[in-house]
file model_3.csv (CSV, C-alpha atoms)
chain,number,residue,atom,x,y,z
A,1,MET,CA,9.5,-17.6,-25.1
A,2,SER,CA,12.0,-15.0,-26.1
A,3,GLY,CA,14.5,-13.1,-24.0
A,4,PRO,CA,16.2,-14.4,-20.9
A,5,LEU,CA,14.5,-16.1,-18.0
A,6,ILE,CA,15.9,-15.0,-14.6
A,7,ILE,CA,15.5,-17.2,-11.6
A,8,ASP,CA,16.7,-16.3,-8.1
A,9,LEU,CA,18.0,-19.3,-6.1
A,10,ALA,CA,18.1,-19.1,-2.3
A,11,ASP,CA,20.8,-21.7,-1.8
A,12,GLU,CA,22.6,-24.8,-3.2
A,13,ALA,CA,19.4,-26.9,-2.7
A,14,ALA,CA,17.5,-24.5,-4.9
A,15,THR,CA,20.2,-24.6,-7.5
A,16,ALA,CA,20.0,-28.5,-7.5
A,17,ALA,CA,16.2,-28.2,-7.7
A,18,LEU,CA,16.5,-26.1,-10.8
A,19,GLY,CA,18.8,-28.8,-12.3
A,20,ALA,CA,16.1,-31.4,-11.6
A,21,ARG,CA,13.4,-29.1,-13.2
A,22,LEU,CA,15.5,-28.8,-16.3
A,23,ALA,CA,16.1,-32.6,-16.4
A,24,ALA,CA,12.3,-33.2,-16.3
A,25,GLY,CA,12.0,-31.6,-19.8
A,26,ALA,CA,15.3,-32.8,-21.3
A,27,ARG,CA,15.4,-34.6,-24.6
A,28,PRO,CA,18.1,-36.3,-26.6
A,29,ARG,CA,20.3,-33.8,-28.5
A,30,ASP,CA,19.6,-31.1,-25.9
A,31,VAL,CA,22.7,-29.0,-24.9
A,32,LEU,CA,23.0,-27.1,-21.7
A,33,LEU,CA,26.0,-24.7,-21.4
A,34,LEU,CA,26.7,-23.9,-17.8
A,35,HIS,CA,28.5,-20.5,-17.4
A,36,GLY,CA,29.7,-18.9,-14.2
A,37,ASP,CA,32.8,-18.3,-12.1
A,38,LEU,CA,34.3,-20.8,-9.7
A,39,GLY,CA,32.0,-21.7,-6.8
A,40,MET,CA,28.8,-20.4,-8.5
A,41,GLY,CA,27.1,-23.8,-8.4
A,42,LYS,CA,27.5,-25.2,-11.9
A,43,THR,CA,28.4,-28.6,-10.5
A,44,ALA,CA,25.5,-28.4,-8.0
A,45,LEU,CA,23.1,-27.7,-10.8
A,46,ALA,CA,24.5,-30.5,-13.0
A,47,ARG,CA,24.3,-32.9,-10.0
A,48,GLY,CA,20.6,-32.0,-9.5
A,49,PHE,CA,20.0,-32.5,-13.2
A,50,VAL,CA,21.6,-36.0,-13.2
A,51,MET,CA,19.9,-37.0,-10.0
A,52,GLY,CA,16.6,-35.8,-11.4
A,53,ALA,CA,16.9,-37.8,-14.6
A,54,ALA,CA,19.0,-40.8,-13.7
A,55,SER,CA,17.1,-42.4,-10.8
A,56,GLU,CA,19.6,-45.3,-10.6
A,57,THR,CA,22.5,-42.9,-10.0
A,58,ASP,CA,23.6,-42.7,-6.3
A,59,GLU,CA,26.6,-40.5,-6.8
A,60,VAL,CA,27.4,-37.6,-9.2
A,61,PRO,CA,31.1,-36.7,-8.9
A,62,SER,CA,32.5,-33.6,-10.5
A,63,PRO,CA,34.2,-34.5,-13.7
A,64,THR,CA,36.9,-31.9,-13.2
A,65,PHE,CA,39.7,-34.5,-13.5
A,66,THR,CA,38.1,-37.1,-15.7
A,67,LEU,CA,36.7,-34.3,-17.9
A,68,VAL,CA,33.5,-36.3,-18.7
A,69,GLN,CA,31.1,-38.6,-16.9
A,70,THR,CA,28.1,-40.4,-18.5
A,71,TYR,CA,24.9,-41.4,-16.9
A,72,PRO,CA,22.1,-43.6,-18.4
A,73,SER,CA,18.6,-42.2,-18.0
A,74,VAL,CA,15.2,-42.9,-19.4
A,75,ARG,CA,15.5,-39.6,-21.4
A,76,GLY,CA,18.8,-40.6,-23.0
A,77,THR,CA,22.4,-40.8,-22.0
A,78,ILE,CA,23.5,-37.7,-20.0
A,79,TRP,CA,27.0,-36.5,-20.8
A,80,HIS,CA,28.5,-34.2,-18.1
A,81,PHE,CA,31.5,-32.4,-19.4
A,82,ASP,CA,33.8,-30.2,-17.3
A,83,LEU,CA,36.1,-28.4,-19.7
A,84,TYR,CA,38.0,-26.3,-17.1
A,85,ARG,CA,41.3,-28.2,-17.8
A,86,LEU,CA,41.0,-28.2,-21.6
A,87,LYS,CA,43.9,-26.4,-23.2
A,88,HIS,CA,42.5,-26.3,-26.8
A,89,PRO,CA,39.0,-26.6,-28.2
A,90,ASP,CA,39.9,-29.5,-30.4
A,91,GLU,CA,40.6,-31.7,-27.3
A,92,ILE,CA,36.8,-32.0,-26.9
A,93,TRP,CA,36.8,-34.6,-29.7
A,94,GLU,CA,38.9,-37.0,-27.6
A,95,LEU,CA,36.2,-37.0,-24.9
A,96,GLY,CA,33.4,-38.5,-27.1
A,97,PHE,CA,31.9,-35.1,-28.0
A,98,GLU,CA,30.8,-36.3,-31.4
A,99,ASP,CA,29.1,-39.4,-30.0
A,100,ALA,CA,27.4,-37.2,-27.3
A,101,LEU,CA,26.0,-34.9,-30.0
A,102,VAL,CA,24.3,-37.7,-31.9
A,103,ASP,CA,21.6,-38.6,-29.2
A,104,GLY,CA,22.9,-37.6,-25.8
A,105,ILE,CA,21.9,-34.9,-23.4
A,106,LEU,CA,24.9,-32.6,-22.8
A,107,LEU,CA,25.7,-30.6,-19.7
A,108,ILE,CA,28.9,-28.6,-20.3
A,109,GLU,CA,30.7,-26.7,-17.6
A,110,TRP,CA,33.2,-24.1,-18.8
A,111,PRO,CA,31.8,-23.9,-22.3
A,112,ASP,CA,34.0,-21.0,-23.2
A,113,ARG,CA,36.8,-23.7,-23.7
A,114,LEU,CA,34.9,-24.9,-26.7
A,115,GLY,CA,35.6,-21.8,-28.7
A,116,GLY,CA,33.7,-22.0,-32.0
A,117,LEU,CA,32.7,-25.6,-31.4
A,118,ALA,CA,29.7,-24.8,-29.1
A,119,PRO,CA,26.5,-26.2,-30.6
A,120,ARG,CA,24.3,-23.5,-32.0
A,121,ASP,CA,21.1,-24.9,-30.6
A,122,ARG,CA,21.4,-24.8,-26.9
A,123,LEU,CA,20.4,-23.3,-23.6
A,124,ASP,CA,23.0,-21.0,-22.0
A,125,LEU,CA,22.6,-20.9,-18.3
A,126,THR,CA,24.7,-18.4,-16.3
A,127,LEU,CA,25.0,-18.6,-12.5
A,128,ALA,CA,26.1,-15.5,-10.6
A,129,LEU,CA,26.0,-14.2,-7.0
A,130,GLY,CA,22.6,-13.4,-5.6
A,131,ASP,CA,21.6,-11.1,-2.8
A,132,THR,CA,23.1,-13.2,0.0
A,133,PRO,CA,26.4,-15.3,0.1
A,134,ASP,CA,24.5,-18.5,-0.5
A,135,ALA,CA,22.1,-17.2,-3.1
A,136,ARG,CA,22.6,-17.4,-6.8
A,137,ARG,CA,20.9,-15.8,-9.8
A,138,ALA,CA,20.4,-18.0,-12.8
A,139,THR,CA,19.9,-16.4,-16.2
A,140,LEU,CA,18.6,-18.8,-18.9
A,141,LEU,CA,18.7,-18.0,-22.6
A,142,SER,CA,17.8,-20.3,-25.5
A,143,ALA,CA,20.0,-20.0,-28.6
A,144,GLY,CA,19.4,-21.3,-32.1
A,145,LYS,CA,16.4,-23.6,-32.5
A,146,SER,CA,16.5,-24.7,-28.8
A,147,THR,CA,13.1,-25.0,-27.1
A,148,TRP,CA,14.5,-25.3,-23.6
A,149,LEU,CA,12.9,-22.1,-22.3
A,150,ASP,CA,9.5,-23.1,-23.5
A,151,ARG,CA,9.8,-26.4,-21.7
A,152,VAL,CA,11.2,-24.8,-18.5
A,153,SER,CA,8.5,-22.1,-18.4
A,154,ALA,CA,5.6,-24.5,-19.0

call {"tool": "encode", "arguments": {"input": "model_3.csv", "output": "structure tokens"}}
result
Amino acid sequence: MSGPLIIDLADEAATAALGARLAAGARPRDVLLLHGDLGMGKTALARGFVMGAASETDEVPSPTFTLVQTYPSVRGTIWHFDLYRLKHPDEIWELGFEDALVDGILLIEWPDRLGGLAPRDRLDLTLALGDTPDARRATLLSAGKSTWLDRVSA
């Protein structure tokens, strides 16, 4: 599939459900970059993703202060990065980024903090306000050799 896929999300539950839908097709070395302003639902989407893929996980805290959380799943280890507090792109290496790229599934909030270190093969997902205060609009775009959109659209 070429071009962006746009999905209207009625509320936070729909945002989490999209995360679970993405998790169902996730594979090792998949990278999902989560774009959007504060309060747009990036963490809600990531939480839905982790809960959908890591059935043994009861709680998915925001990694705002720890910067990274990992979760084992049958699809591979999920690495949830929140880069909001990163001051320089090179700080990502101290968080296990290199190990995550080997065979992990990466969810990255605030990917602009990566600068030129963002993986080329990825899914860019942008959350923006929808038609109502609780609604969001998700825009998904595959980059590089990523096949995310084909898997989400199937």

call {"tool": "closest_residue", "arguments": {"input": "model_3.csv", "among": "A:Ile7, A:Ala100, A:Leu117, A:Ile105", "to": "Gly25 in chain A", "atoms": "all atoms listed in the file"}}
result
A:Ile105

call {"tool": "closest_residue", "arguments": {"input": "model_3.csv", "among": "A:Ala20, A:Ile108, A:Val68, A:Leu114", "to": "Val50 in chain A", "atoms": "all atoms listed in the file"}}
result
A:Ala20

call {"tool": "closest_atom_pairs", "arguments": {"input": "model_3.csv", "of": "range 90-122 of chain A", "to": "range 145-153 of chain A", "cutoff": "10 Å", "atoms": "only C-alpha atoms", "output": "CSV"}}
result
residue,atom,partner,partner_atom,distance
A:Arg120,CA,A:Lys145,CA,7.9
A:Asp121,CA,A:Ser146,CA,4.9
A:Arg122,CA,A:Ser146,CA,5.3

call {"tool": "residues_around", "arguments": {"input": "model_3.csv", "residues": "range 86-99 of chain A", "least_positions_apart": "5", "cutoff": "10 Å", "atoms": "all atoms listed in the file", "output": "PyMOL selection string"}}
result
chain A and resi 66-69+79+81+104+106+110-118

call {"tool": "atom_distance", "arguments": {"input": "model_3.csv", "atom1": "CA of Gly41 in chain A", "atom2": "CA of Arg136 in chain A"}}
result
8.0 Å

call {"tool": "atom_distance", "arguments": {"input": "model_3.csv", "atom1": "CA of Thr43 in chain A", "atom2": "CA of Glu109 in chain A"}}
result
7.7 Å

call {"tool": "atom_distance", "arguments": {"input": "model_3.csv", "atom1": "CA of Leu129 in chain A", "atom2": "CA of Arg21 in chain A"}}
result
20.5 Å

call {"tool": "axis_aligned_box", "arguments": {"input": "model_3.csv", "around": "range 90-108 of chain A", "padding_each_side": "3 Å", "output": "AutoDock Vina command-line options"}}
result
--center_x 31.1 --center_y -34.0 --center_z -25.8 --size_x 25.0 --size_y 16.8 --size_z 18.2

call {"tool": "residues_around", "arguments": {"input": "model_3.csv", "residues": "Leu45 in chain A", "least_positions_apart": "5", "cutoff": "6 Å", "atoms": "all atoms listed in the file", "output": "list in words"}}
result
Thr15, Ala16 and Gly19 of chain A

call {"tool": "decode", "arguments": {"input": "model_3.csv", "residues": "range 52-106 of chain A", "atoms": "C-alpha atoms", "output": "mmCIF file, in the first residue's frame"}}
result
data_model
loop_
_atom_site.group_PDB
_atom_site.id
_atom_site.type_symbol
_atom_site.label_atom_id
_atom_site.label_comp_id
_atom_site.auth_asym_id
_atom_site.auth_seq_id
_atom_site.Cartn_x
_atom_site.Cartn_y
_atom_site.Cartn_z
ATOM 1 C CA GLY A 52 -2.254 -6.563 22.831
ATOM 2 C CA ALA A 53 1.119 -8.261 22.360
ATOM 3 C CA ALA A 54 2.326 -9.030 25.881
ATOM 4 C CA SER A 55 -0.531 -10.947 27.479
ATOM 5 C CA GLU A 56 1.405 -11.446 30.730
ATOM 6 C CA THR A 57 1.668 -7.679 31.234
ATOM 7 C CA ASP A 58 -0.767 -6.172 33.735
ATOM 8 C CA GLU A 59 0.519 -2.605 33.776
ATOM 9 C CA VAL A 60 2.091 -0.386 31.127
ATOM 10 C CA PRO A 61 3.438 2.770 32.753
ATOM 11 C CA SER A 62 4.559 5.715 30.659
ATOM 12 C CA PRO A 63 8.359 5.636 30.364
ATOM 13 C CA THR A 64 8.552 9.444 30.593
ATOM 14 C CA PHE A 65 10.984 9.335 33.525
ATOM 15 C CA THR A 66 12.675 5.968 32.944
ATOM 16 C CA LEU A 67 12.910 6.765 29.190
ATOM 17 C CA VAL A 68 12.509 3.095 28.217
ATOM 18 C CA GLN A 69 10.473 0.071 29.311
ATOM 19 C CA THR A 70 10.751 -3.440 27.880
ATOM 20 C CA TYR A 71 8.078 -6.116 27.697
ATOM 21 C CA PRO A 72 8.504 -9.753 26.655
ATOM 22 C CA SER A 73 5.973 -10.987 24.119
ATOM 23 C CA VAL A 74 5.526 -13.976 21.846
ATOM 24 C CA ARG A 75 6.352 -11.670 18.915
ATOM 25 C CA GLY A 76 9.637 -10.470 20.442
ATOM 26 C CA THR A 77 10.728 -8.019 23.095
ATOM 27 C CA ILE A 78 8.850 -4.735 22.888
ATOM 28 C CA TRP A 79 10.975 -1.665 23.620
ATOM 29 C CA HIS A 80 8.861 1.382 24.512
ATOM 30 C CA PHE A 81 10.981 4.540 24.362
ATOM 31 C CA ASP A 82 9.774 7.977 25.481
ATOM 32 C CA LEU A 83 12.410 10.435 24.304
ATOM 33 C CA TYR A 84 10.724 13.633 25.514
ATOM 34 C CA ARG A 85 13.489 14.300 28.056
ATOM 35 C CA LEU A 86 16.422 13.487 25.738
ATOM 36 C CA LYS A 87 18.723 16.476 25.355
ATOM 37 C CA HIS A 88 20.846 15.103 22.495
ATOM 38 C CA PRO A 89 20.226 12.286 19.968
ATOM 39 C CA ASP A 90 23.378 10.404 21.008
ATOM 40 C CA GLU A 91 21.845 9.793 24.456
ATOM 41 C CA ILE A 92 19.661 7.102 22.828
ATOM 42 C CA TRP A 93 22.630 4.704 22.789
ATOM 43 C CA GLU A 94 22.710 4.715 26.610
ATOM 44 C CA LEU A 95 19.139 3.380 26.634
ATOM 45 C CA GLY A 96 19.885 0.110 24.804
ATOM 46 C CA PHE A 97 18.816 1.386 21.380
ATOM 47 C CA GLU A 98 21.434 -0.702 19.573
ATOM 48 C CA ASP A 99 20.233 -3.900 21.302
ATOM 49 C CA ALA A 100 16.610 -3.027 20.563
ATOM 50 C CA LEU A 101 17.356 -2.628 16.845
ATOM 51 C CA VAL A 102 18.807 -6.162 16.628
ATOM 52 C CA ASP A 103 15.572 -8.095 17.180
ATOM 53 C CA GLY A 104 13.206 -5.944 19.201
ATOM 54 C CA ILE A 105 9.917 -4.298 18.326
ATOM 55 C CA LEU A 106 10.365 -0.572 18.918
#
